[in-house]
Protein chains: 2
Amino acid sequence: LLHELGRILPAGALLTDPADQIIYGYDNSRHRGTAQAVALPQDAQQVVALVRACRVARTPITARGRGTNTTGASVPASGGIVVSFERMSKLVRIDPDNRLAVVEPGLINGDLQRALAPHGFFWAPDPTSADYSTIAGNLACNAGGPRTIKYGACRENVLGLEAVTGTGALVRCGGMTSKGATGYDLTRLLIGSEGTLALITEATLKLTPRPEATASVRALYVDVAGAARAVARVMAQPVVPCALEFMDSVALKLARDGGIELVPAGALLMIEVDGSASALRGALDAVKRAARGDGLVALDEAESEAARASLWAARKALSPQLRKLAPGKINEDVVVPVSRLPELIAGIERIAAQGGIAIVNFGHAGNGNIHVNLLYHPDNEAESASARQALEQVFALVLALDGMLSGEHGIGMEKREFLPRAIAPEALALMRRIKHVFDPEGILNPGKLLPEPAG
Amino acid sequence: LLHELGRILPAGALLTDPADQIIYGYDNSRHRGTAQAVALPQDAQQVVALVRACRVARTPITARGRGTNTTGASVPASGGIVVSFERMSKLVRIDPDNRLAVVEPGLINGDLQRALAPHGFFWAPDPTSADYSTIAGNLACNAGGPRTIKYGACRENVLGLEAVTGTGALVRCGGMTSKGATGYDLTRLLIGSEGTLALITEATLKLTPRPEATASVRALYVDVAGAARAVARVMAQPVVPCALEFMDSVALKLARDGGIELVPAGALLMIEVDGSASALRGALDAVKRAARGDGLVALDEAESEAARASLWAARKALSPQLRKLAPGKINEDVVVPVSRLPELIAGIERIAAQGGIAIVNFGHAGNGNIHVNLLYHPDNEAESASARQALEQVFALVLALDGMLSGEHGIGMEKREFLPRAIAPEALALMRRIKHVFDPEGILNPGKLLPEPAG
């Protein structure tokens, strides 16, 4: 197979050095794997040829952007070939008249945003990893970010795809228009499929005009229930914020420990609005009105870039502080209906107290999407086991609250064993059969997303 | 089978009278079919049982809302059983805190909108048929309407579905949250599948807060090219209109013939903006600035309900006038990238002139989605043949302009023979295999959407 791949790929595009196998063997999860080789294709035809060769050899293929995934979805867990799209990273075309951009899969999200800015556009998905993660990596797990509340996640911001299935078929789906009722929606089927159905070789992205102005509100509440009631009020009025972020009391304590001045409070909301300069004042007033109410402790607003950055400082200080607190972190991104947020946070506090571990909650409250961080010392076996047990309890709680296991990180290796608790057997059976349609030999990212069949 | 269905369904819920077979045998296309019987299930379990019975008997099932479909998708072309959802039409629940509504499939779109209004919400899809068509019928063809440009079509406004596949499996997909990365996106796969994959028995819909205020602009241009340039300018600035509708010169002439006073012009745009009352003026000014430019003949604006209705009169007068002009009408809804609109309209004018038939174009310019109406006398064989030939030429033109056969009406019986020109064999093969996964016996709406396999 390696000989065949060497023939298919240009010189220097097949890495077999053990050092490369290490570098391409991990992602932002605790998982590792060792590939036989790393392929760096330069165009879709090379991807077609290498998938066909791997199919003949029954060799697993793991697609890889830049490995920022948190669930092990880009780890070559079953060995085989890693296909890294770092040499297919061109911005093919910006088409402002049709509000679209055509990109290769390996383009970095942040590079796209910088290229779009002079044209007055942006692409909506803005994961925290935007400066490092690739467009196709974003698409593979239906990535979102704070802006999703107003502008949607990947699913709402893609017009069409070109992809190579597990049989080596090059498929085009969707198109160049925002509307379409012409056949089954294969585009959305591939988005969020974590490289298990096809390898994306090109994407046509829907662009959004950049707002003229943005303003921020930081609101502190006595407790989570007060903040959650404010979220419901904000979401029930016509001005949709472009961010509605949440931090719990543990997260707030961490921010204060990190030197951020904050009045004592049980929960924080960061609310942003954007739009035309003339409309901004009205929008800001509308969300401030909604943010005010029972349990409000303090409310600050900012319109200038510098003042806004100062309000966001508490949120930005969080990640470094988390690392100081404990070396081990299980970083989940559960999602529940917005009205169930108080029950979710109260339940997680109970689980943390029972298990004797620290859990920090923050995230995208407007979508009910909360990043649950379970902190522990990996060298401490009892603490690691407690964290693992607490995680199971968190998932059970989320499902009891009509939520889902993941809002924007995906399932990968981390959560596949939990999937049968979230998805009933009938739907899971359809997913398995769809997997078989796209990838009859099961060579695309085996061991990810779908659980092992029972028995 | 009829005996078995009689056992499954409540008394009076299985219609076998020839009169009923006629009533449930047509839709808003020229097609007709005759069902063996019409089933009126009252809950999902009855749907499961009747699909299982039909599967055993290898009997076709055609799901039916209210028959407003324009492509024959709800016609029992192969006989069998029509399943009409008129007795599953409850609005199960409005949940304002989570911005969602749970509905049965047969609920009328307009009834939903009226129930939502007091809560301050609406559901985005607003097909012209909204007062007669059902939610699940809308979902089956990914229906849109004027508001799609700002608020999206069905695909962007559904959180989850319950549906019965062709094997009689009751499947739940999606959920109650706006974000999700938990398994393959079966929800979007069912939306737009025209009853060929599953029968929808419940939908969880994403709601949008009603804007406080709306304003309209009517702009007339010397020619289509001038109007198209204005569309591009409107779409390139940050205020997204909630409608951006187009009428060509033939449509304008019809409106004038219908008694609407309009200065002579080659094309008309209706632009609407909505939002908070305080922001409306700024939004209106922004779209007016964008609408002005080379080729503008006249521009009128209106904020009051009555004044807005008067501006929309030209558009409303169109349908009755079309009926006067010719008894036969092929009503297509092609979609092209917005920048290709001038080429589309110019090309259609050429096709109309060559074929000696009248073609009237209007529709949702902001999405590049144009309703192309080919007018002819069905009794005149030569004219009917010309219309048919012109239609083929229109489709060829649309595909050459990187467009799609349908923006919001779907494929049904009308366009299935054209699908292989729009979708390459590899993607079509995947669609056929997905169909087989959901409906291995091919009992769900046979003869629709997917073309007969070649040979």
# chains A, B, ... in the order shown; residues from 1 in each chain; ligands from 1
call {"tool": "select_by_dssp", "arguments": {"residues": "segment 87-159 of chain B", "states": "strand (DSSP E)", "output": "ChimeraX atom specification"}}
result
/B:91-95,100-103,121-122,158-159
call {"tool": "residues_around", "arguments": {"residues": "segment 152-166 of chain A", "least_positions_apart": "6", "cutoff": "6 Å", "atoms": "only C-alpha atoms", "output": "list of chain:residue names"}}
result
A:Pro125, A:Leu139, A:Asn142, A:Ala143, A:Gly144, A:Arg172, A:Cys173, A:Gly174, A:Gly175, A:Met176, A:Ala198, A:Leu199, A:Ile200, A:Thr201, A:Glu202, A:Ala203, A:Thr204, A:Leu205, A:Lys206, A:Phe438, A:Asp439
call {"tool": "closest_residue", "arguments": {"among": "A:Glu349, A:Glu272, A:Glu245, A:Asp97", "to": "Gly368 of chain A", "atoms": "only C-alpha atoms"}}
result
A:Glu245
call {"tool": "residues_around", "arguments": {"residues": "Val48 of chain A", "least_positions_apart": "3", "cutoff": "8 Å", "atoms": "only C-alpha atoms", "output": "list in words"}}
result
Ala44, Gln45, Val51, Arg52, Val164, Gly168, Ala169 and Leu170 of chain A
call {"tool": "atom_distance", "arguments": {"atom1": "atom CA of Arg340 of chain B", "atom2": "atom CA of Ala227 of chain B"}}
result
12.2 Å
call {"tool": "residues_around", "arguments": {"residues": "Asp294 of chain A", "least_positions_apart": "2", "cutoff": "8 Å", "atoms": "only C-alpha atoms", "output": "PyMOL selection string"}}
result
chain A and resi 226+292+296
call {"tool": "write_last_selection", "arguments": {"atoms": "N, CA and C atoms", "output": "PDB file, in the first residue's frame"}}
result
ATOM      1  N   GLY A 226     -31.129  33.391  38.680  1.00  0.00           N
ATOM      2  CA  GLY A 226     -31.364  34.771  38.240  1.00  0.00           C
ATOM      3  C   GLY A 226     -30.803  35.006  36.847  1.00  0.00           C
ATOM      4  N   ARG A 292     -31.978  43.211  32.930  1.00  0.00           N
ATOM      5  CA  ARG A 292     -32.342  43.694  34.271  1.00  0.00           C
ATOM      6  C   ARG A 292     -33.478  42.863  34.842  1.00  0.00           C
ATOM      7  N   LEU A 296     -30.309  40.726  39.756  1.00  0.00           N
ATOM      8  CA  LEU A 296     -29.195  41.435  39.114  1.00  0.00           C
ATOM      9  C   LEU A 296     -28.347  42.135  40.177  1.00  0.00           C
TER      10      LEU A 296
END
call {"tool": "select_by_dssp", "arguments": {"residues": "segment 33-278 of chain A", "states": "alpha helix (DSSP H)", "output": "JSON, numbers by chain"}}
result
{"A": [44, 45, 46, 47, 48, 49, 50, 51, 52, 53, 54, 55, 56, 57, 109, 110, 111, 112, 113, 114, 115, 116, 135, 136, 137, 138, 139, 140, 148, 149, 150, 151, 186, 187, 188, 189, 190, 224, 225, 226, 227, 228, 229, 230, 231, 232, 233, 234, 235, 249, 250, 251, 252, 253, 254, 255, 256, 257, 277, 278]}
call {"tool": "closest_residue", "arguments": {"among": "A:Thr177, A:Asn445, A:Gln354, A:Asn361", "to": "chain B", "atoms": "only C-alpha atoms"}}
result
A:Thr177
call {"tool": "residues_around", "arguments": {"residues": "Pro76 of chain A", "least_positions_apart": "4", "cutoff": "6 Å", "atoms": "only C-alpha atoms", "output": "PyMOL selection string"}}
result
chain A and resi 33+35+62
call {"tool": "write_last_selection", "arguments": {"atoms": "N, CA, C and O atoms", "output": "PDB file, in the first residue's frame"}}
result
ATOM      1  N   GLY A  33      -2.739   7.658  18.742  1.00  0.00           N
ATOM      2  CA  GLY A  33      -2.735   6.500  17.853  1.00  0.00           C
ATOM      3  C   GLY A  33      -1.481   6.579  16.995  1.00  0.00           C
ATOM      4  O   GLY A  33      -0.799   7.602  16.991  1.00  0.00           O
ATOM      5  N   ALA A  35      -0.216   6.035  13.107  1.00  0.00           N
ATOM      6  CA  ALA A  35      -0.529   5.742  11.711  1.00  0.00           C
ATOM      7  C   ALA A  35       0.649   5.028  11.064  1.00  0.00           C
ATOM      8  O   ALA A  35       1.801   5.202  11.472  1.00  0.00           O
ATOM      9  N   THR A  62      -7.836   8.241   8.506  1.00  0.00           N
ATOM     10  CA  THR A  62      -8.300   9.261   9.437  1.00  0.00           C
ATOM     11  C   THR A  62      -7.995  10.634   8.841  1.00  0.00           C
ATOM     12  O   THR A  62      -6.830  10.970   8.611  1.00  0.00           O
TER      13      THR A  62
END
call {"tool": "atom_distance", "arguments": {"atom1": "atom CA of Ser74 of chain A", "atom2": "atom CA of Gln21 of chain A"}}
result
13.1 Å
call {"tool": "residues_around", "arguments": {"residues": "Ala277 of chain A", "least_positions_apart": "2", "cutoff": "6 Å", "atoms": "only C-alpha atoms", "output": "PDB file with N, CA and C atoms, in the first residue's frame"}}
result
ATOM      1  N   GLU A 212     -21.664  46.899  11.282  1.00  0.00           N
ATOM      2  CA  GLU A 212     -20.895  48.144  11.407  1.00  0.00           C
ATOM      3  C   GLU A 212     -20.342  48.336  12.811  1.00  0.00           C
ATOM      4  N   ALA A 213     -21.113  47.899  13.796  1.00  0.00           N
ATOM      5  CA  ALA A 213     -20.742  48.219  15.179  1.00  0.00           C
ATOM      6  C   ALA A 213     -21.172  47.107  16.116  1.00  0.00           C
ATOM      7  N   ALA A 279     -28.478  51.653  14.525  1.00  0.00           N
ATOM      8  CA  ALA A 279     -29.420  50.789  15.250  1.00  0.00           C
ATOM      9  C   ALA A 279     -28.843  50.263  16.555  1.00  0.00           C
ATOM     10  N   LEU A 280     -27.542  50.478  16.772  1.00  0.00           N
ATOM     11  CA  LEU A 280     -26.874  49.800  17.888  1.00  0.00           C
ATOM     12  C   LEU A 280     -27.420  50.235  19.238  1.00  0.00           C
TER      13      LEU A 280
END
call {"tool": "atom_distance", "arguments": {"atom1": "atom CA of Leu244 of chain B", "atom2": "atom CA of Leu325 of chain B"}}
result
25.9 Å
call {"tool": "closest_residue", "arguments": {"among": "A:Val224, A:Cys141, A:Ala219, A:Ala306", "to": "chain B", "atoms": "only C-alpha atoms"}}
result
A:Cys141
call {"tool": "residues_around", "arguments": {"residues": "Gly282 of chain B", "least_positions_apart": "5", "cutoff": "12 Å", "atoms": "only C-alpha atoms", "output": "number ranges by chain"}}
result
A: 275-282; B: 215, 238-239, 273-277, 287-289
